[in-house]
Amino acid sequence: MFLKLITIIFFILLFQSLKSSSQSLTYTNGFNPPNNISLQGITTVTPNGLLKLTNTTVQKTGHAFYTKPIRFKDSPNGTVFSFSTTFVFAIHSQISILSGHGIAFVVAPKPSLSSGTASQYLGLFNITNNGNSSNNIFAVELDTIRSTEFNDIDDNHVGIDIDSLTSVESFRAGWWDEKRQFKNLSLISRKPMQVWVDYDGGTNKIDVTMAPFNEDKPSKPLVSTVRDLSAVLLQDMFVGFSSATGSVLSEHFILGWSFAVNKNAPPLDLSKLPKLPRFVPKKISEFFKIGMPLISLFLIFSAIFLICYIVRRKRKFAEELEEWEKEFGKNRFRFKDLYYATKGFKEKDLLGSGGFGSVYKGVMPGTKLEIAVKKVSHESRQGMKEFVAEIVSIGRMSHRNLVPLLGYCRRRGELLLVYDYMPNGSLDKYLYNTPEVTLNWKQRIKVILGVASGLFYLHEEWEQVVIHRDVKASNVLLDAELNGRLGDFGLARLYDHGSDPQTTHVVGTLGYLAPEHTRTGRATTATDVFAFGAFLLEVACGRRPIEIQHETDETFLLVDWVFGLWTKGNILAAKDPNMGSEFDEKEVEMVLKLGLLCSHSDPRARPTMRQVLHYLRGDAKLPELTPLDLSGSGMMFGFQDGFSELGMSYSSSVFKGFTGGSSIADSLLSGGR
């Protein structure tokens, strides 16, 4: 009886082993119909069988997963089997030297990545879960954009990712030929290429190899590392692909794919793979070669009428285009497209106006991309080349809490800046004057965290330090998910090349200007932190930093009011009553105190944005301070030398730039962009 039981157990284990070793899949004749393939996001299958992960929409994700689970272990705590995969891919970009992010082969615990976001996150992760060991995700990325926050080596590389987009190992895209000579490959060349991924369960070695289409598998892998995936992968996992687009139009294709456990992936018959669509670059229309529309339809009209029509049309869409701008051509929009996108900059499409110009909503013809166009006057031609160079440089920034700057257009005395459109508008309309729609505390703290993250990126994470100089609620825009996005970043700094006739010498908004900025005119990261402190108080309290009491003509300073309530032991009385009764009292109190700390008159006493993020995320505890601590000159603040000086600075030096009580009020309360 015992021998019989042992025999049964032996055959069960043998069956499971054979079952594990026999797992494989092959798609060599295309993916049409998509048998056992789940398509998510913008992923589709073309009529000839290509797996098209993304199309020419922007800021979108696409996923494709094999719907049946793959067994990677004998038991939940066992070691991962050897596995292998190979696939052929191609990336079509509308711009030959620039793409909209890349592709990743992925092993995930579920047949979907619903929380993955677009752009630099490749549809794999998002800003909150990137780097979490609980992701249980292994991926191989084919990355076409350099994201400095993930320590990318360049904008054309292959990386091995484990639960994070910071690759454990990466190398520039290429292959080793038969002579062991390295040859570069461009991922966005619009040509098909083959990739092999191999994991050895015995040695824990991961090899990633690639080669041009129709080349045999090179003997030397491109990227190798030793990592035990047993703690990463679960017993049953799902395999597939993830991709994402950014602000540049691009398409990502998978032509063929095979995968196997405990053996080499079945080879692909390259001759049977579906063909890629022929890429035809868009031709430059004759209109832009000669500066006038095609006149063939008007030949029947008289010469006089034709001349008048051409002159009027030319004046209407005239642009300034100088020789030096050719290097920035891909970042320049046609005024004609912007004119039609905004329906002629009609008043009904005006989103707002302020010191830096007016902003209009538009929809780009053809792509249907929703945009916001800011019209700015520029009278001086001095430094214009440097100005545009900085616009293009800032346009390369990529952060989910910044409003993307897509490009520019120049004509006569105007500069037009093109941004992504944010459907929920600016934050200030949800805070002041009994708004129709208010935000609860969870929504507000989410916006605060987003703005802090975006400002930290500008100060420390991008390749240059960018001083915003105008952090305020009206410059914070809300996207469709009510994420806070900081707008106009770097615009004040850009205006150092030539003054804007609509602004004062000290660039910024009253109530957010640090005292040292009003005295010296010099902006630093500390002056941005001061403005962020005012922003914290205005979001938590639902009031502007400075208000004019029209009945008494007195000046209300929000920071003094909040500090006064703190000294009375009732700082929570400063919270906005419109945000409801459901909130975390400790969190609201922390935000109010952090707003006071950031608003200190001494820039050395203010925290950095890195420290601010630590406080807001709970990674560090805000220093224990009481109003009594603030009264001594030897402490962190001094009330007499701190907040009192702030009030005196605004009331005595800044207000002198305005004349008449009503003009002060109008200037202070105009807010806006």
# chains A, B, ... in the order shown; residues from 1 in each chain; ligands from 1
$ residues_around --residues "stretch 523-536 of chain A" --least-positions-apart "3" --cutoff "9 Å" --atoms "only C-alpha atoms" --output "PyMOL selection string"
chain A and resi 448+451-452+455+459+465-473+493+507+511-517+520+539-541+544-545+558-559+591-592+594-601+603-604+606-609+612
$ write_last_selection --atoms "N, CA and C atoms" --output "compact mmCIF listing (two decimals), in the first residue's frame"
# COMPACT_ATOMS: atom_id res chain seq x y z
N ILE A 448 -1.68 69.26 -3.69
CA ILE A 448 -0.49 69.79 -3.02
C ILE A 448 0.71 68.89 -3.27
N VAL A 451 1.93 69.32 -6.94
CA VAL A 451 2.66 70.57 -7.19
C VAL A 451 4.04 70.51 -6.54
N ALA A 452 4.12 69.96 -5.32
CA ALA A 452 5.41 69.83 -4.66
C ALA A 452 6.35 68.94 -5.46
N LEU A 455 7.54 70.91 -8.54
CA LEU A 455 8.50 71.95 -8.19
C LEU A 455 9.84 71.34 -7.80
N HIS A 459 13.55 72.02 -9.50
CA HIS A 459 14.69 72.46 -8.70
C HIS A 459 15.85 71.48 -8.73
N VAL A 465 18.65 73.68 -13.22
CA VAL A 465 17.79 74.21 -12.17
C VAL A 465 16.86 75.24 -12.78
N VAL A 466 15.55 75.03 -12.63
CA VAL A 466 14.57 75.95 -13.18
C VAL A 466 13.84 76.63 -12.02
N ILE A 467 13.90 77.96 -12.00
CA ILE A 467 13.17 78.73 -10.99
C ILE A 467 11.82 79.11 -11.58
N HIS A 468 10.75 78.72 -10.92
CA HIS A 468 9.42 78.98 -11.47
C HIS A 468 9.04 80.45 -11.38
N ARG A 469 9.17 81.04 -10.19
CA ARG A 469 8.94 82.46 -9.93
C ARG A 469 7.48 82.88 -9.89
N ASP A 470 6.55 81.98 -10.09
CA ASP A 470 5.14 82.39 -10.01
C ASP A 470 4.26 81.21 -9.57
N VAL A 471 4.65 80.54 -8.48
CA VAL A 471 3.85 79.44 -7.94
C VAL A 471 2.63 80.02 -7.24
N LYS A 472 1.45 79.66 -7.71
CA LYS A 472 0.20 80.12 -7.10
C LYS A 472 -0.94 79.27 -7.63
N ALA A 473 -2.09 79.38 -6.98
CA ALA A 473 -3.22 78.52 -7.34
C ALA A 473 -3.68 78.71 -8.78
N ARG A 493 11.58 83.02 -15.82
CA ARG A 493 13.01 82.99 -16.07
C ARG A 493 13.31 83.31 -17.53
N VAL A 507 9.53 90.04 -11.19
CA VAL A 507 8.56 89.14 -11.81
C VAL A 507 7.91 88.27 -10.75
N GLY A 511 1.96 88.78 -2.74
CA GLY A 511 1.46 87.78 -1.82
C GLY A 511 2.26 86.50 -1.87
N TYR A 512 2.98 86.30 -2.98
CA TYR A 512 3.81 85.11 -3.15
C TYR A 512 5.29 85.48 -3.26
N LEU A 513 5.60 86.79 -3.25
CA LEU A 513 6.98 87.26 -3.42
C LEU A 513 7.70 87.24 -2.08
N ALA A 514 8.84 86.55 -2.04
CA ALA A 514 9.64 86.51 -0.83
C ALA A 514 10.20 87.91 -0.55
N PRO A 515 10.36 88.29 0.73
CA PRO A 515 10.88 89.63 1.06
C PRO A 515 12.22 89.92 0.40
N GLU A 516 13.12 88.93 0.37
CA GLU A 516 14.44 89.20 -0.23
C GLU A 516 14.33 89.40 -1.74
N HIS A 517 13.29 88.81 -2.36
CA HIS A 517 13.08 89.00 -3.80
C HIS A 517 12.66 90.44 -4.10
N THR A 520 15.96 92.62 -3.60
CA THR A 520 17.10 92.44 -4.52
C THR A 520 16.70 92.15 -5.95
N VAL A 539 -4.49 76.98 -0.30
CA VAL A 539 -5.25 75.76 -0.58
C VAL A 539 -5.94 75.26 0.69
N ALA A 540 -5.24 75.29 1.82
CA ALA A 540 -5.81 74.80 3.07
C ALA A 540 -6.89 75.75 3.62
N CYS A 541 -6.72 77.07 3.38
CA CYS A 541 -7.64 78.05 3.96
C CYS A 541 -8.71 78.53 2.99
N ARG A 544 -6.97 84.06 -0.47
CA ARG A 544 -5.79 84.57 -1.14
C ARG A 544 -4.75 85.02 -0.11
N PRO A 545 -3.47 85.00 -0.48
CA PRO A 545 -2.43 85.42 0.46
C PRO A 545 -2.59 86.86 0.92
N LEU A 558 -2.70 86.67 4.85
CA LEU A 558 -3.10 85.32 5.24
C LEU A 558 -2.10 84.70 6.20
N VAL A 559 -0.79 84.89 5.94
CA VAL A 559 0.22 84.25 6.78
C VAL A 559 0.15 84.79 8.21
N VAL A 591 0.04 70.73 7.27
CA VAL A 591 0.13 71.56 6.06
C VAL A 591 0.13 73.04 6.42
N LEU A 592 -0.70 73.44 7.37
CA LEU A 592 -0.73 74.85 7.78
C LEU A 592 0.61 75.27 8.39
N LEU A 594 3.51 73.81 7.90
CA LEU A 594 4.51 73.77 6.84
C LEU A 594 4.41 75.01 5.97
N GLY A 595 3.18 75.51 5.75
CA GLY A 595 3.01 76.76 5.00
C GLY A 595 3.68 77.92 5.71
N LEU A 596 3.55 77.97 7.04
CA LEU A 596 4.23 79.03 7.81
C LEU A 596 5.74 78.87 7.75
N LEU A 597 6.22 77.61 7.85
CA LEU A 597 7.66 77.37 7.79
C LEU A 597 8.24 77.79 6.45
N CYS A 598 7.55 77.46 5.36
CA CYS A 598 8.03 77.85 4.02
C CYS A 598 7.95 79.37 3.82
N SER A 599 7.06 80.05 4.58
CA SER A 599 6.86 81.49 4.42
C SER A 599 7.77 82.32 5.31
N HIS A 600 8.73 81.69 5.92
CA HIS A 600 9.63 82.43 6.81
C HIS A 600 10.40 83.49 6.02
N SER A 601 10.63 84.65 6.66
CA SER A 601 11.29 85.76 5.97
C SER A 601 12.76 85.48 5.71
N PRO A 603 15.42 83.20 4.19
CA PRO A 603 15.45 82.07 3.26
C PRO A 603 16.22 80.87 3.79
N ARG A 604 17.15 81.10 4.72
CA ARG A 604 17.92 79.99 5.27
C ARG A 604 17.08 79.11 6.18
N ARG A 606 13.94 78.33 5.57
CA ARG A 606 12.94 77.59 4.81
C ARG A 606 13.47 76.21 4.42
N PRO A 607 12.61 75.20 4.36
CA PRO A 607 13.06 73.88 3.89
C PRO A 607 13.25 73.89 2.37
N THR A 608 13.98 72.92 1.88
CA THR A 608 14.06 72.72 0.43
C THR A 608 12.84 71.95 -0.02
N MET A 609 12.60 71.90 -1.33
CA MET A 609 11.45 71.16 -1.83
C MET A 609 11.63 69.66 -1.59
N VAL A 612 10.35 69.36 1.86
CA VAL A 612 8.90 69.55 1.83
C VAL A 612 8.19 68.26 1.41
$ residues_around --residues "stretch 247-261 of chain A" --least-positions-apart "3" --cutoff "6 Å" --atoms "only C-alpha atoms" --output "PyMOL selection string"
chain A and resi 21+23-28+50-56+58+82-94+99-100+265-266
$ residues_around --residues "A:Asn331" --least-positions-apart "4" --cutoff "8 Å" --atoms "only C-alpha atoms" --output "PDB file with C-alpha atoms, in the first residue's frame"
ATOM      1  CA  VAL A 392      12.645  74.196 -26.759  1.00  0.00           C
ATOM      2  CA  LEU A 406       4.629  71.269 -26.749  1.00  0.00           C
ATOM      3  CA  GLY A 407       6.205  74.056 -28.824  1.00  0.00           C
ATOM      4  CA  TYR A 408       5.924  77.629 -30.050  1.00  0.00           C
TER       5      TYR A 408
END
$ atom_distance --atom1 "atom CA of A:Phe138" --atom2 "atom CA of A:Val107"
5.2 Å
$ residues_around --residues "A:Ile571" --least-positions-apart "2" --cutoff "10 Å" --atoms "only C-alpha atoms" --output "PyMOL selection string"
chain A and resi 561-569+573-575+588-589+592-593
$ closest_residue --among "A:Lys275, A:Lys348, A:Lys68, A:Arg180" --to "A:Pro192" --atoms "only C-alpha atoms"
A:Lys275
$ atom_distance --atom1 "atom CA of A:Asn130" --atom2 "atom CA of A:Pro69"
23.8 Å
$ closest_atom_pairs --of "stretch 190-271 of chain A" --to "stretch 146-168 of chain A" --cutoff "10 Å" --atoms "only C-alpha atoms" --output "tab-separated table"
residue	atom	partner	partner_atom	distance
A:Val197	CA	A:Ile160	CA	9.9
A:Ile206	CA	A:Ile160	CA	8.6
A:Asp207	CA	A:Ile160	CA	9.2
A:Val208	CA	A:Ile160	CA	8.2
A:Thr209	CA	A:Val158	CA	9.4
A:Met210	CA	A:Val158	CA	9.3
A:Leu222	CA	A:Val158	CA	8.3
A:Val223	CA	A:Gly159	CA	7.4
A:Ser224	CA	A:Ile160	CA	8.6
A:Thr225	CA	A:Val168	CA	8.0
A:Val226	CA	A:Val168	CA	9.8
A:Arg227	CA	A:Val168	CA	9.1
A:Leu229	CA	A:Ile162	CA	8.8
A:Val232	CA	A:Ile162	CA	7.7
A:Leu233	CA	A:Ile162	CA	9.9
$ write_last_selection --atoms "N, CA and C atoms" --output "PDB file, in the first residue's frame"
ATOM      1  N   VAL A 197      15.145  37.181 -25.009  1.00  0.00           N
ATOM      2  CA  VAL A 197      15.303  37.304 -23.554  1.00  0.00           C
ATOM      3  C   VAL A 197      15.382  35.894 -22.985  1.00  0.00           C
ATOM      4  N   ILE A 206      20.348  36.511 -16.508  1.00  0.00           N
ATOM      5  CA  ILE A 206      19.395  37.092 -17.462  1.00  0.00           C
ATOM      6  C   ILE A 206      20.179  37.653 -18.639  1.00  0.00           C
ATOM      7  N   ASP A 207      19.875  37.189 -19.844  1.00  0.00           N
ATOM      8  CA  ASP A 207      20.521  37.688 -21.062  1.00  0.00           C
ATOM      9  C   ASP A 207      19.482  38.315 -21.967  1.00  0.00           C
ATOM     10  N   VAL A 208      19.804  39.504 -22.480  1.00  0.00           N
ATOM     11  CA  VAL A 208      18.966  40.162 -23.483  1.00  0.00           C
ATOM     12  C   VAL A 208      19.825  40.391 -24.715  1.00  0.00           C
ATOM     13  N   THR A 209      19.362  39.884 -25.847  1.00  0.00           N
ATOM     14  CA  THR A 209      20.121  39.964 -27.098  1.00  0.00           C
ATOM     15  C   THR A 209      19.227  40.588 -28.152  1.00  0.00           C
ATOM     16  N   MET A 210      19.819  41.347 -29.067  1.00  0.00           N
ATOM     17  CA  MET A 210      19.034  41.889 -30.172  1.00  0.00           C
ATOM     18  C   MET A 210      19.867  41.912 -31.437  1.00  0.00           C
ATOM     19  N   LEU A 222      23.480  41.445 -25.503  1.00  0.00           N
ATOM     20  CA  LEU A 222      23.649  42.894 -25.378  1.00  0.00           C
ATOM     21  C   LEU A 222      23.704  43.314 -23.909  1.00  0.00           C
ATOM     22  N   VAL A 223      22.782  42.785 -23.102  1.00  0.00           N
ATOM     23  CA  VAL A 223      22.713  43.121 -21.679  1.00  0.00           C
ATOM     24  C   VAL A 223      22.650  41.823 -20.881  1.00  0.00           C
ATOM     25  N   SER A 224      23.454  41.728 -19.820  1.00  0.00           N
ATOM     26  CA  SER A 224      23.448  40.542 -18.964  1.00  0.00           C
ATOM     27  C   SER A 224      23.527  40.971 -17.518  1.00  0.00           C
ATOM     28  N   THR A 225      22.855  40.209 -16.671  1.00  0.00           N
ATOM     29  CA  THR A 225      22.962  40.432 -15.231  1.00  0.00           C
ATOM     30  C   THR A 225      22.549  39.149 -14.537  1.00  0.00           C
ATOM     31  N   VAL A 226      22.933  39.030 -13.275  1.00  0.00           N
ATOM     32  CA  VAL A 226      22.552  37.874 -12.465  1.00  0.00           C
ATOM     33  C   VAL A 226      21.592  38.356 -11.388  1.00  0.00           C
ATOM     34  N   ARG A 227      20.361  37.913 -11.445  1.00  0.00           N
ATOM     35  CA  ARG A 227      19.333  38.274 -10.474  1.00  0.00           C
ATOM     36  C   ARG A 227      18.421  37.063 -10.257  1.00  0.00           C
ATOM     37  N   LEU A 229      15.101  35.691  -9.652  1.00  0.00           N
ATOM     38  CA  LEU A 229      13.733  36.185  -9.797  1.00  0.00           C
ATOM     39  C   LEU A 229      12.734  35.435  -8.921  1.00  0.00           C
ATOM     40  N   VAL A 232      10.661  37.650  -6.934  1.00  0.00           N
ATOM     41  CA  VAL A 232       9.930  38.636  -7.731  1.00  0.00           C
ATOM     42  C   VAL A 232       8.693  38.014  -8.366  1.00  0.00           C
ATOM     43  N   LEU A 233       8.866  36.846  -8.990  1.00  0.00           N
ATOM     44  CA  LEU A 233       7.773  36.231  -9.731  1.00  0.00           C
ATOM     45  C   LEU A 233       6.964  35.292  -8.841  1.00  0.00           C
TER      46      LEU A 233
END
$ residues_around --residues "A:Ser242" --least-positions-apart "3" --cutoff "7 Å" --atoms "only C-alpha atoms" --output "PyMOL selection string"
chain A and resi 62-64+103-106+122-124
$ write_last_selection --atoms "C-alpha atoms" --output "PDB file, in the first residue's frame"
ATOM      1  CA  GLY A  62      -1.391  50.056 -24.817  1.00  0.00           C
ATOM      2  CA  HIS A  63      -1.112  46.503 -23.438  1.00  0.00           C
ATOM      3  CA  ALA A  64      -1.341  43.010 -24.897  1.00  0.00           C
ATOM      4  CA  ILE A 103       8.086  49.106 -25.677  1.00  0.00           C
ATOM      5  CA  ALA A 104       8.523  46.642 -22.817  1.00  0.00           C
ATOM      6  CA  PHE A 105       8.229  42.857 -22.687  1.00  0.00           C
ATOM      7  CA  VAL A 106       6.657  42.209 -19.288  1.00  0.00           C
ATOM      8  CA  LEU A 122       5.809  53.001 -20.407  1.00  0.00           C
ATOM      9  CA  GLY A 123       2.399  51.848 -19.143  1.00  0.00           C
ATOM     10  CA  LEU A 124       4.152  49.656 -16.523  1.00  0.00           C
TER      11      LEU A 124
END
$ atom_distance --atom1 "atom CA of A:Asp420" --atom2 "atom CA of A:Arg334"
16.3 Å
$ closest_residue --among "A:Leu351, A:Arg411, A:Gly425, A:Glu370" --to "A:Lys336" --atoms "only C-alpha atoms"
A:Arg411
